[in-house]
Amino acid sequence: MIKYFFSNKDDNNIAFHVEDKKTDVEKNRFYLSEKNGFKLENLKYMNQTHGRNIHVVTADSKALQENCDALICNEKNVSLMVMVADCIPVLLYDESNNVIAVAHAGRNGTFLNITQKTAQQMLSKFSCKEEDIHVVLGPSIQKCCYEVSSEMENTVINKYGLEFTHKRHIDLQAINKKQLTDIGIKSENILVSKICTKCSGENYYSYRLDNKCGRFAGVISLL
């Protein structure tokens, strides 16, 4: 069985790397595991670097995976976590083959095709089929608020096309979805949250609103 969820501000900060006490973060993670029914000792998470490194993990892997932005696992009783505050928390799963994955897709990760590459590893290393892979792009900064420089906008236009920008605002969600459909993932199997972490008023951290904010999490478990 596969279960997933996204935390929010009610769950408090989940990340160790922001300005928060380690003991408080540990408590927050414990309460999160109790609330959502996963074992904290089976949680794998990342030192995210806005890169394209992908780690395959097992139940015996270290909890913290250094220098990576995606995790894949096919062992039961393991939970994978991605932490964000505007970047896209991506959850991927194949229930037919019992494979789960997470990816951290900010602008750099998106340009490096981190979500697409994670799906490709599910296909190549775990014998998943395109039609069986489901993807959830969680709450994140949306095109309405993701304003960039003119130079960055031109980069997006040249690399992906005009439809992914509007008046210096870029659509990371649509780019990630295109990268997935380009390799055969079905559009109907890709769920894209419409919640903008910056302007929606919903209960999520946003780095663009507060650069000292905490992080919320996307967690997926294979039980």
# chains A, B, ... in the order shown; residues from 1 in each chain; ligands from 1
$ residues_around --residues "range 216-221 of chain A" --least-positions-apart "3" --cutoff "6 Å" --atoms "only C-alpha atoms" --output "ChimeraX atom specification"
/A:2-8,14,78-84,89
$ residues_around --residues "Lys177 in chain A" --least-positions-apart "5" --cutoff "10 Å" --atoms "only C-alpha atoms" --output "PyMOL selection string"
chain A and resi 115-116+135-137+172+182+185-187+190-192
$ closest_atom_pairs --of "range 64-89 of chain A" --to "range 201-207 of chain A" --cutoff "10 Å" --atoms "only C-alpha atoms" --output "tab-separated table"
residue	atom	partner	partner_atom	distance
A:Val84	CA	A:Tyr205	CA	7.9
A:Ala85	CA	A:Ser206	CA	4.6
A:Asp86	CA	A:Ser206	CA	5.2
A:Cys87	CA	A:Ser206	CA	8.9
$ select_by_dssp --residues "range 8-165 of chain A" --states "strand (DSSP E)" --output "ChimeraX atom specification"
/A:43-46,54-56,64-65,70-73,78-84,88-94,99-105,134-137,165
$ write_last_selection --atoms "N, CA and C atoms" --output "short mmCIF file (atom, residue, chain, number, x, y, z; two decimals), in the first residue's frame"
data_model
loop_
_atom_site.label_atom_id
_atom_site.label_comp_id
_atom_site.auth_asym_id
_atom_site.auth_seq_id
_atom_site.Cartn_x
_atom_site.Cartn_y
_atom_site.Cartn_z
N LEU A 43 12.20 6.82 8.05
CA LEU A 43 12.12 7.97 7.17
C LEU A 43 13.49 8.27 6.54
N LYS A 44 13.49 8.48 5.21
CA LYS A 44 14.69 8.89 4.48
C LYS A 44 14.45 10.29 3.92
N TYR A 45 15.43 11.16 4.11
CA TYR A 45 15.29 12.53 3.61
C TYR A 45 16.64 13.00 3.06
N MET A 46 16.68 14.25 2.55
CA MET A 46 17.84 14.66 1.75
C MET A 46 18.45 15.97 2.24
N ILE A 54 20.30 11.62 -7.90
CA ILE A 54 19.20 10.76 -7.48
C ILE A 54 19.79 9.57 -6.73
N HIS A 55 19.29 9.30 -5.53
CA HIS A 55 19.76 8.17 -4.75
C HIS A 55 18.67 7.10 -4.64
N VAL A 56 19.06 5.88 -4.90
CA VAL A 56 18.19 4.73 -4.62
C VAL A 56 18.47 4.30 -3.20
N LEU A 64 19.61 10.35 6.48
CA LEU A 64 19.94 11.54 5.70
C LEU A 64 20.79 11.16 4.50
N GLN A 65 20.32 11.48 3.33
CA GLN A 65 21.06 11.26 2.09
C GLN A 65 21.68 12.58 1.65
N ALA A 70 16.58 13.79 -5.19
CA ALA A 70 15.54 12.80 -5.44
C ALA A 70 15.92 11.47 -4.79
N LEU A 71 14.90 10.76 -4.33
CA LEU A 71 15.08 9.44 -3.73
C LEU A 71 14.10 8.47 -4.36
N ILE A 72 14.54 7.22 -4.53
CA ILE A 72 13.67 6.16 -5.05
C ILE A 72 13.83 4.94 -4.14
N CYS A 73 12.73 4.23 -3.90
CA CYS A 73 12.78 3.04 -3.06
C CYS A 73 11.69 2.05 -3.49
N VAL A 78 9.16 1.87 4.27
CA VAL A 78 10.07 3.00 4.09
C VAL A 78 9.26 4.22 3.69
N SER A 79 9.61 5.37 4.27
CA SER A 79 8.98 6.64 3.90
C SER A 79 10.05 7.57 3.35
N LEU A 80 9.71 8.31 2.31
CA LEU A 80 10.62 9.27 1.68
C LEU A 80 10.06 10.67 1.87
N MET A 81 10.95 11.63 2.11
CA MET A 81 10.50 13.00 2.37
C MET A 81 11.27 14.01 1.54
N VAL A 82 10.54 15.00 1.02
CA VAL A 82 11.13 16.16 0.36
C VAL A 82 10.63 17.40 1.10
N MET A 83 11.52 18.39 1.30
CA MET A 83 11.17 19.59 2.07
C MET A 83 11.26 20.83 1.18
N VAL A 84 10.26 21.71 1.31
CA VAL A 84 10.18 22.86 0.40
C VAL A 84 9.58 24.08 1.09
N ILE A 88 8.79 22.96 -5.90
CA ILE A 88 7.75 21.94 -6.08
C ILE A 88 8.16 20.65 -5.36
N PRO A 89 7.34 20.18 -4.40
CA PRO A 89 7.58 18.86 -3.82
C PRO A 89 6.91 17.81 -4.71
N VAL A 90 7.71 16.96 -5.31
CA VAL A 90 7.21 16.00 -6.29
C VAL A 90 7.19 14.60 -5.67
N LEU A 91 6.05 13.95 -5.73
CA LEU A 91 5.91 12.58 -5.28
C LEU A 91 5.58 11.71 -6.49
N LEU A 92 6.26 10.59 -6.63
CA LEU A 92 6.03 9.67 -7.74
C LEU A 92 5.79 8.27 -7.18
N TYR A 93 4.92 7.51 -7.83
CA TYR A 93 4.70 6.15 -7.35
C TYR A 93 4.16 5.25 -8.45
N ASP A 94 4.44 3.96 -8.30
CA ASP A 94 3.93 2.91 -9.18
C ASP A 94 3.41 1.81 -8.27
N VAL A 99 6.87 0.86 -6.16
CA VAL A 99 8.02 1.76 -6.21
C VAL A 99 7.53 3.16 -5.85
N ILE A 100 8.29 3.85 -4.98
CA ILE A 100 7.96 5.22 -4.62
C ILE A 100 9.18 6.11 -4.83
N ALA A 101 8.94 7.42 -4.99
CA ALA A 101 10.04 8.35 -5.18
C ALA A 101 9.60 9.75 -4.77
N VAL A 102 10.59 10.58 -4.45
CA VAL A 102 10.35 12.00 -4.21
C VAL A 102 11.39 12.78 -5.00
N ALA A 103 11.05 14.02 -5.37
CA ALA A 103 12.00 14.90 -6.04
C ALA A 103 11.77 16.33 -5.60
N HIS A 104 12.84 17.09 -5.58
CA HIS A 104 12.83 18.50 -5.18
C HIS A 104 13.04 19.32 -6.45
N ALA A 105 11.96 19.94 -6.94
CA ALA A 105 12.01 20.61 -8.24
C ALA A 105 11.84 22.12 -8.09
N HIS A 134 2.45 7.34 -11.47
CA HIS A 134 1.61 8.48 -11.09
C HIS A 134 2.51 9.52 -10.43
N VAL A 135 2.18 10.80 -10.65
CA VAL A 135 3.01 11.88 -10.13
C VAL A 135 2.12 12.94 -9.50
N VAL A 136 2.54 13.44 -8.34
CA VAL A 136 1.84 14.53 -7.67
C VAL A 136 2.80 15.70 -7.51
N LEU A 137 2.45 16.84 -8.07
CA LEU A 137 3.21 18.08 -7.88
C LEU A 137 2.48 18.87 -6.81
N THR A 165 5.81 31.06 -20.17
CA THR A 165 6.09 32.34 -19.53
C THR A 165 4.97 33.33 -19.84
#
$ closest_residue --among "A:Val148, A:Arg107, A:Gly214, A:Leu209" --to "Gln173 in chain A" --atoms "only C-alpha atoms"
A:Arg107
$ atom_distance --atom1 "CA of Ser193 in chain A" --atom2 "CA of Gln142 in chain A"
9.3 Å
$ atom_distance --atom1 "CA of Lys125 in chain A" --atom2 "CA of Asp60 in chain A"
18.7 Å
$ select_by_dssp --residues "range 108-163 of chain A" --states "alpha helix (DSSP H)" --output "JSON list (two decimals) with C-alpha atoms, in the first residue's frame"
[["chain", "number", "residue", "atom", "x", "y", "z"],
["A", 108, "ASN", "CA", 17.48, 24.77, -11.06],
["A", 109, "GLY", "CA", 16.21, 21.24, -10.54],
["A", 110, "THR", "CA", 13.52, 21.78, -13.15],
["A", 111, "PHE", "CA", 16.07, 23.04, -15.67],
["A", 114, "ILE", "CA", 15.18, 16.21, -11.97],
["A", 115, "THR", "CA", 11.55, 15.03, -12.06],
["A", 116, "GLN", "CA", 11.90, 13.52, -15.52],
["A", 117, "LYS", "CA", 15.18, 11.81, -14.61],
["A", 118, "THR", "CA", 13.62, 10.34, -11.48],
["A", 119, "ALA", "CA", 10.79, 8.86, -13.54],
["A", 120, "GLN", "CA", 13.31, 7.55, -16.06],
["A", 121, "GLN", "CA", 15.19, 5.71, -13.31],
["A", 122, "MET", "CA", 11.92, 4.18, -12.18],
["A", 123, "LEU", "CA", 11.48, 2.93, -15.74],
["A", 124, "SER", "CA", 15.04, 1.70, -16.29],
["A", 125, "LYS", "CA", 16.08, 0.41, -12.86],
["A", 150, "SER", "CA", 14.15, 39.11, -18.39],
["A", 151, "GLU", "CA", 17.25, 37.00, -19.00],
["A", 152, "MET", "CA", 15.73, 34.05, -17.15],
["A", 153, "GLU", "CA", 12.47, 34.45, -19.01],
["A", 154, "ASN", "CA", 14.34, 34.33, -22.31],
["A", 155, "THR", "CA", 16.11, 31.18, -21.16],
["A", 156, "VAL", "CA", 12.73, 29.54, -20.54],
["A", 157, "ILE", "CA", 11.34, 30.72, -23.88],
["A", 158, "ASN", "CA", 14.36, 29.42, -25.78],
["A", 159, "LYS", "CA", 14.42, 26.10, -23.95]]
$ closest_residue --among "A:Arg168, A:Glu130, A:Val25, A:Lys212" --to "Asn189 in chain A" --atoms "only C-alpha atoms"
A:Glu130
$ residues_around --residues "Ala59 in chain A" --least-positions-apart "4" --cutoff "8 Å" --atoms "only C-alpha atoms" --output "PyMOL selection string"
chain A and resi 42+75-78
$ closest_residue --among "A:Phe38, A:Glu26, A:Cys196, A:Gly106" --to "His50 in chain A" --atoms "only C-alpha atoms"
A:Gly106
$ decode --residues "range 120-198 of chain A" --atoms "C-alpha atoms" --output "mmCIF file, in the first residue's frame"
data_model
loop_
_atom_site.group_PDB
_atom_site.id
_atom_site.type_symbol
_atom_site.label_atom_id
_atom_site.label_comp_id
_atom_site.auth_asym_id
_atom_site.auth_seq_id
_atom_site.Cartn_x
_atom_site.Cartn_y
_atom_site.Cartn_z
ATOM 1 C CA GLN A 120 13.312 7.551 -16.063
ATOM 2 C CA GLN A 121 15.187 5.713 -13.312
ATOM 3 C CA MET A 122 11.923 4.176 -12.176
ATOM 4 C CA LEU A 123 11.482 2.934 -15.735
ATOM 5 C CA SER A 124 15.039 1.703 -16.286
ATOM 6 C CA LYS A 125 16.085 0.412 -12.865
ATOM 7 C CA PHE A 126 12.781 -0.854 -11.477
ATOM 8 C CA SER A 127 11.024 -2.057 -14.645
ATOM 9 C CA CYS A 128 8.127 0.340 -14.176
ATOM 10 C CA LYS A 129 5.889 1.075 -17.135
ATOM 11 C CA GLU A 130 5.033 4.595 -18.248
ATOM 12 C CA GLU A 131 1.309 4.023 -17.864
ATOM 13 C CA ASP A 132 1.728 2.856 -14.250
ATOM 14 C CA ILE A 133 3.649 5.860 -12.934
ATOM 15 C CA HIS A 134 1.614 8.484 -11.090
ATOM 16 C CA VAL A 135 3.012 11.881 -10.131
ATOM 17 C CA VAL A 136 1.836 14.533 -7.669
ATOM 18 C CA LEU A 137 3.214 18.075 -7.879
ATOM 19 C CA GLY A 138 2.399 19.551 -4.485
ATOM 20 C CA PRO A 139 1.763 23.104 -3.285
ATOM 21 C CA SER A 140 4.433 25.497 -4.572
ATOM 22 C CA ILE A 141 4.920 28.945 -6.010
ATOM 23 C CA GLN A 142 2.839 29.217 -9.165
ATOM 24 C CA LYS A 143 3.059 31.179 -12.399
ATOM 25 C CA CYS A 144 1.018 33.981 -10.819
ATOM 26 C CA CYS A 145 3.871 34.819 -8.436
ATOM 27 C CA TYR A 146 7.063 33.348 -9.853
ATOM 28 C CA GLU A 147 8.565 36.470 -11.382
ATOM 29 C CA VAL A 148 12.103 36.220 -12.774
ATOM 30 C CA SER A 149 14.540 38.409 -14.676
ATOM 31 C CA SER A 150 14.154 39.111 -18.390
ATOM 32 C CA GLU A 151 17.252 36.996 -18.995
ATOM 33 C CA MET A 152 15.730 34.051 -17.151
ATOM 34 C CA GLU A 153 12.468 34.451 -19.013
ATOM 35 C CA ASN A 154 14.344 34.332 -22.311
ATOM 36 C CA THR A 155 16.108 31.181 -21.162
ATOM 37 C CA VAL A 156 12.726 29.542 -20.536
ATOM 38 C CA ILE A 157 11.338 30.716 -23.876
ATOM 39 C CA ASN A 158 14.364 29.416 -25.780
ATOM 40 C CA LYS A 159 14.420 26.098 -23.946
ATOM 41 C CA TYR A 160 10.723 25.310 -23.577
ATOM 42 C CA GLY A 161 8.589 27.811 -25.509
ATOM 43 C CA LEU A 162 6.502 30.952 -25.090
ATOM 44 C CA GLU A 163 3.609 29.146 -23.435
ATOM 45 C CA PHE A 164 5.637 28.634 -20.254
ATOM 46 C CA THR A 165 6.088 32.337 -19.532
ATOM 47 C CA HIS A 166 3.955 35.467 -19.238
ATOM 48 C CA LYS A 167 5.307 38.921 -18.447
ATOM 49 C CA ARG A 168 8.440 37.503 -16.763
ATOM 50 C CA HIS A 169 6.471 34.922 -14.797
ATOM 51 C CA ILE A 170 7.394 31.304 -15.447
ATOM 52 C CA ASP A 171 5.342 28.147 -15.018
ATOM 53 C CA LEU A 172 7.509 25.519 -13.352
ATOM 54 C CA GLN A 173 4.550 23.173 -12.895
ATOM 55 C CA ALA A 174 3.803 23.094 -16.628
ATOM 56 C CA ILE A 175 7.477 22.571 -17.475
ATOM 57 C CA ASN A 176 7.728 19.591 -15.110
ATOM 58 C CA LYS A 177 4.522 18.139 -16.502
ATOM 59 C CA LYS A 178 5.816 18.494 -20.064
ATOM 60 C CA GLN A 179 9.064 16.782 -19.128
ATOM 61 C CA LEU A 180 7.054 13.851 -17.808
ATOM 62 C CA THR A 181 4.659 13.554 -20.733
ATOM 63 C CA ASP A 182 7.646 13.790 -23.109
ATOM 64 C CA ILE A 183 8.817 10.397 -21.802
ATOM 65 C CA GLY A 184 5.384 8.795 -21.924
ATOM 66 C CA ILE A 185 3.897 9.466 -18.505
ATOM 67 C CA LYS A 186 0.161 9.906 -18.984
ATOM 68 C CA SER A 187 -1.144 13.428 -18.494
ATOM 69 C CA GLU A 188 -4.125 12.094 -16.537
ATOM 70 C CA ASN A 189 -1.703 10.441 -14.097
ATOM 71 C CA ILE A 190 -0.081 13.767 -13.203
ATOM 72 C CA LEU A 191 -1.831 15.699 -10.438
ATOM 73 C CA VAL A 192 -0.783 19.352 -10.179
ATOM 74 C CA SER A 193 -1.721 21.337 -7.089
ATOM 75 C CA LYS A 194 -3.195 24.757 -7.840
ATOM 76 C CA ILE A 195 -2.145 26.126 -4.434
ATOM 77 C CA CYS A 196 0.388 28.941 -4.705
ATOM 78 C CA THR A 197 2.510 29.012 -1.586
ATOM 79 C CA LYS A 198 3.103 32.753 -1.946
#
